[in-house]
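The block underneath contains the structure these notes are about, expressed in structure tokens.
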There are 2 protein chains.
Amino acid sequence: MNPYEQHVFDAIYGRRSIRAYREDREVEHEKIIKLLRAGMAAPSACNIQPWEFIVITDPEAVSRVRAGIPRYGDYNAPVIIVVCGVPEFIPWEGDAGIADCCAAIENMLIAATAMGLGSVWIGGFDTPALRELLDIPEPVVPLGVVYFGYPAERKEPRTQYLEEAVHWQTYDDERGRRPRPGSLIDPESGDLVI
Amino acid sequence: MNPYEQHVFDAIYGRRSIRAYREDREVEHEKIIKLLRAGMAAPSACNIQPWEFIVITDPEAVSRVRAGIPRYGDYNAPVIIVVCGVPEFIPWEGDAGIADCCAAIENMLIAATAMGLGSVWIGGFDTPALRELLDIPEPVVPLGVVYFGYPAERKEPRTQYLEEAVHWQTYDDERGRRPRPGSLIDPESGDLVI
């Protein structure tokens, strides 16, 4: 692989969900702007760019958001970016721009990795509580909450490539559905296992 | 920027929707596998990995899919990957894994860019027609169709960073909603303008 390709795969494989952050190191403002620049380089259906970003860096505000996501978001990251969809921008029905916003989030995660930052994408949160905390008005939809900071844990790069998840030419339903992949949910308690 | 960061931003900014492909150059099998490896390195809620990938390389099958997406997918790419969500893997209600699948798609697009491939993510397609063409069974949901190939057009790298799409600490609803961003839909005809 040439260095360009190697570096890009390093970032894609190196992006892991980081749940412990250094408390002695802030994220530079310039890096936050670069995260946003990466996010807004994402593809967007008909180039509508139906996204908005709420960046939370004030420590008290960060703590409040963290406290508002007790089950899946109780991590000590210094920066939180909430990505919202704006349905009124979209001229077709029933779409809050989730695909575009998810692409923007994934871009931010990969950019973070390349800048030495850790990140974790939190999809499970209480939408009304988050609206209230961040003054998000009704027509805007918070779609993803992303934590960023310098990592205080190290995880190995990886892909979870699985040949059984790949079909060639058409969907092969004959071979039977693969078992549900390794989950972070404890089958007995229903709790998240990390 | 160090070379790692520079290369990753090159790929994020260089990923543009390519709608014209070289017909004299096939995509190497090894590169297709690497696209899939990048896709399956995406984050996944509770690590459920609710995705499946249908890779279409047979020229006749590719033509049929292309003909099945006449409005938004009539491009001459030699490889099509359809990313599907498998709701039965997901232990909570009403989620086909769209966020995870979109993250996987975005990873593939960025990896493609780094390998010199062009790509375009097509979100607007006729689901029942696609099911029939590719034998996709009812419980599996096609979420995105992605075209890959060596590009026959060149587009400049870019971000569409917009300061007005960024809020700090809380959502600032006072400043008024920004106008709908430049769209690829003709306001009069409703047609896609490329």
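Order determines the names: the first chain of the structure tokens is A, the second B, and so forth; residues in each chain are numbered 1 upward, and ligands are numbered 1 upward as they are shown.
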
(request) Kindly determine which residues of chain A lie within 6 Å of chain B, considering only C-alpha atoms, and give the answer as number ranges by chain. (result) A: 4-5, 7-8, 13, 37, 40-41, 46-48, 52-56, 89, 99, 102-103, 106, 114, 134-136, 159-161, 165-171, 180-181, 183-184

(request) List every residue of range 8-134 of chain B that DSSP, applied to the backbone of this structure, assigns to helix (DSSP H, G or I), and report them as a ChimeraX atom specification. (result) /B:8-14,29-39,45-47,59-68,87-89,98-114,127-134

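Counting from CA of Ser63 in chain B, the distance to CA of Tyr150 in chain B is 16.9 Å.
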
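All residues in range 70-154 of chain B with a DSSP state of strand (DSSP E or B), computed from the backbone, read B:Val79, B:Ile80, B:Ile81, B:Val82, B:Val83, B:Cys84, B:Gly85, B:Gly118, B:Ser119, B:Val120, B:Trp121, B:Ile122, B:Val141, B:Pro142, B:Leu143, B:Gly144, B:Val145, B:Val146, B:Tyr147, B:Phe148, B:Gly149, B:Pro151.
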
Output of the above residues as a PDB file, in the first residue's frame, restricted to N, CA, C and O atoms:
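As written to disk, result_32.pdb reads:
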ATOM      1  N   VAL B  79     -18.901  -1.661 -10.480  1.00  0.00           N
ATOM      2  CA  VAL B  79     -19.151  -2.390  -9.226  1.00  0.00           C
ATOM      3  C   VAL B  79     -20.242  -1.676  -8.443  1.00  0.00           C
ATOM      4  O   VAL B  79     -20.215  -0.450  -8.303  1.00  0.00           O
ATOM      5  N   ILE B  80     -21.191  -2.457  -7.957  1.00  0.00           N
ATOM      6  CA  ILE B  80     -22.250  -1.908  -7.103  1.00  0.00           C
ATOM      7  C   ILE B  80     -22.255  -2.710  -5.802  1.00  0.00           C
ATOM      8  O   ILE B  80     -22.194  -3.941  -5.828  1.00  0.00           O
ATOM      9  N   ILE B  81     -22.285  -1.997  -4.694  1.00  0.00           N
ATOM     10  CA  ILE B  81     -22.454  -2.668  -3.401  1.00  0.00           C
ATOM     11  C   ILE B  81     -23.737  -2.148  -2.754  1.00  0.00           C
ATOM     12  O   ILE B  81     -23.903  -0.943  -2.571  1.00  0.00           O
ATOM     13  N   VAL B  82     -24.646  -3.083  -2.491  1.00  0.00           N
ATOM     14  CA  VAL B  82     -25.893  -2.736  -1.811  1.00  0.00           C
ATOM     15  C   VAL B  82     -25.725  -3.097  -0.338  1.00  0.00           C
ATOM     16  O   VAL B  82     -25.404  -4.238  -0.016  1.00  0.00           O
ATOM     17  N   VAL B  83     -25.906  -2.120   0.519  1.00  0.00           N
ATOM     18  CA  VAL B  83     -25.748  -2.351   1.960  1.00  0.00           C
ATOM     19  C   VAL B  83     -27.142  -2.521   2.562  1.00  0.00           C
ATOM     20  O   VAL B  83     -28.019  -1.680   2.362  1.00  0.00           O
ATOM     21  N   CYS B  84     -27.302  -3.635   3.251  1.00  0.00           N
ATOM     22  CA  CYS B  84     -28.604  -3.983   3.815  1.00  0.00           C
ATOM     23  C   CYS B  84     -28.524  -4.037   5.340  1.00  0.00           C
ATOM     24  O   CYS B  84     -27.502  -4.449   5.894  1.00  0.00           O
ATOM     25  N   GLY B  85     -29.612  -3.665   5.992  1.00  0.00           N
ATOM     26  CA  GLY B  85     -29.730  -3.830   7.436  1.00  0.00           C
ATOM     27  C   GLY B  85     -30.536  -5.081   7.752  1.00  0.00           C
ATOM     28  O   GLY B  85     -31.443  -5.451   7.001  1.00  0.00           O
ATOM     29  N   GLY B 118     -13.487   6.113  -7.666  1.00  0.00           N
ATOM     30  CA  GLY B 118     -14.602   7.022  -7.477  1.00  0.00           C
ATOM     31  C   GLY B 118     -15.787   6.253  -6.923  1.00  0.00           C
ATOM     32  O   GLY B 118     -15.835   5.018  -6.994  1.00  0.00           O
ATOM     33  N   SER B 119     -16.740   6.986  -6.396  1.00  0.00           N
ATOM     34  CA  SER B 119     -17.920   6.348  -5.818  1.00  0.00           C
ATOM     35  C   SER B 119     -19.089   7.326  -5.816  1.00  0.00           C
ATOM     36  O   SER B 119     -18.896   8.540  -5.870  1.00  0.00           O
ATOM     37  N   VAL B 120     -20.276   6.772  -5.763  1.00  0.00           N
ATOM     38  CA  VAL B 120     -21.456   7.613  -5.500  1.00  0.00           C
ATOM     39  C   VAL B 120     -22.455   6.787  -4.695  1.00  0.00           C
ATOM     40  O   VAL B 120     -22.696   5.617  -4.971  1.00  0.00           O
ATOM     41  N   TRP B 121     -22.986   7.417  -3.674  1.00  0.00           N
ATOM     42  CA  TRP B 121     -23.941   6.791  -2.743  1.00  0.00           C
ATOM     43  C   TRP B 121     -25.337   7.179  -3.205  1.00  0.00           C
ATOM     44  O   TRP B 121     -25.665   8.363  -3.242  1.00  0.00           O
ATOM     45  N   ILE B 122     -26.134   6.191  -3.544  1.00  0.00           N
ATOM     46  CA  ILE B 122     -27.476   6.453  -4.042  1.00  0.00           C
ATOM     47  C   ILE B 122     -28.501   6.040  -2.984  1.00  0.00           C
ATOM     48  O   ILE B 122     -28.566   4.872  -2.592  1.00  0.00           O
ATOM     49  N   VAL B 141     -33.346  -5.338   4.859  1.00  0.00           N
ATOM     50  CA  VAL B 141     -33.745  -4.032   4.313  1.00  0.00           C
ATOM     51  C   VAL B 141     -32.591  -3.391   3.538  1.00  0.00           C
ATOM     52  O   VAL B 141     -31.569  -3.038   4.140  1.00  0.00           O
ATOM     53  N   PRO B 142     -32.721  -3.233   2.217  1.00  0.00           N
ATOM     54  CA  PRO B 142     -31.674  -2.505   1.492  1.00  0.00           C
ATOM     55  C   PRO B 142     -31.710  -1.031   1.874  1.00  0.00           C
ATOM     56  O   PRO B 142     -32.745  -0.383   1.754  1.00  0.00           O
ATOM     57  N   LEU B 143     -30.587  -0.531   2.370  1.00  0.00           N
ATOM     58  CA  LEU B 143     -30.557   0.842   2.899  1.00  0.00           C
ATOM     59  C   LEU B 143     -29.775   1.804   2.021  1.00  0.00           C
ATOM     60  O   LEU B 143     -30.021   3.008   2.050  1.00  0.00           O
ATOM     61  N   GLY B 144     -28.812   1.284   1.296  1.00  0.00           N
ATOM     62  CA  GLY B 144     -28.022   2.168   0.454  1.00  0.00           C
ATOM     63  C   GLY B 144     -27.417   1.406  -0.710  1.00  0.00           C
ATOM     64  O   GLY B 144     -27.080   0.226  -0.580  1.00  0.00           O
ATOM     65  N   VAL B 145     -27.321   2.074  -1.839  1.00  0.00           N
ATOM     66  CA  VAL B 145     -26.719   1.487  -3.036  1.00  0.00           C
ATOM     67  C   VAL B 145     -25.499   2.338  -3.366  1.00  0.00           C
ATOM     68  O   VAL B 145     -25.609   3.565  -3.460  1.00  0.00           O
ATOM     69  N   VAL B 146     -24.349   1.691  -3.491  1.00  0.00           N
ATOM     70  CA  VAL B 146     -23.133   2.460  -3.717  1.00  0.00           C
ATOM     71  C   VAL B 146     -22.432   1.961  -4.975  1.00  0.00           C
ATOM     72  O   VAL B 146     -22.265   0.757  -5.160  1.00  0.00           O
ATOM     73  N   TYR B 147     -22.091   2.904  -5.834  1.00  0.00           N
ATOM     74  CA  TYR B 147     -21.398   2.584  -7.081  1.00  0.00           C
ATOM     75  C   TYR B 147     -19.904   2.869  -6.907  1.00  0.00           C
ATOM     76  O   TYR B 147     -19.533   3.885  -6.304  1.00  0.00           O
ATOM     77  N   PHE B 148     -19.084   1.991  -7.466  1.00  0.00           N
ATOM     78  CA  PHE B 148     -17.633   2.170  -7.405  1.00  0.00           C
ATOM     79  C   PHE B 148     -17.005   1.902  -8.776  1.00  0.00           C
ATOM     80  O   PHE B 148     -17.470   1.024  -9.521  1.00  0.00           O
ATOM     81  N   GLY B 149     -15.907   2.593  -9.043  1.00  0.00           N
ATOM     82  CA  GLY B 149     -15.154   2.331 -10.270  1.00  0.00           C
ATOM     83  C   GLY B 149     -14.063   3.376 -10.408  1.00  0.00           C
ATOM     84  O   GLY B 149     -13.984   4.325  -9.621  1.00  0.00           O
ATOM     85  N   PRO B 151     -12.622   6.595 -11.778  1.00  0.00           N
ATOM     86  CA  PRO B 151     -13.363   7.783 -12.230  1.00  0.00           C
ATOM     87  C   PRO B 151     -12.974   8.248 -13.631  1.00  0.00           C
ATOM     88  O   PRO B 151     -11.812   8.199 -14.009  1.00  0.00           O
TER      89      PRO B 151
END

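If you look at CA of Phe125 in chain B and CA of Trp92 in chain A, they are 13.4 Å away from each other.
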
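Of the listed residues (A:His29, A:Arg66, A:Arg71, A:Arg22), A:Arg22 comes nearest to Ala152 in chain A; the distances count only C-alpha atoms.
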
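Here CA of Leu117 in chain A stands at a distance of 14.4 Å from CA of Glu156 in chain A.
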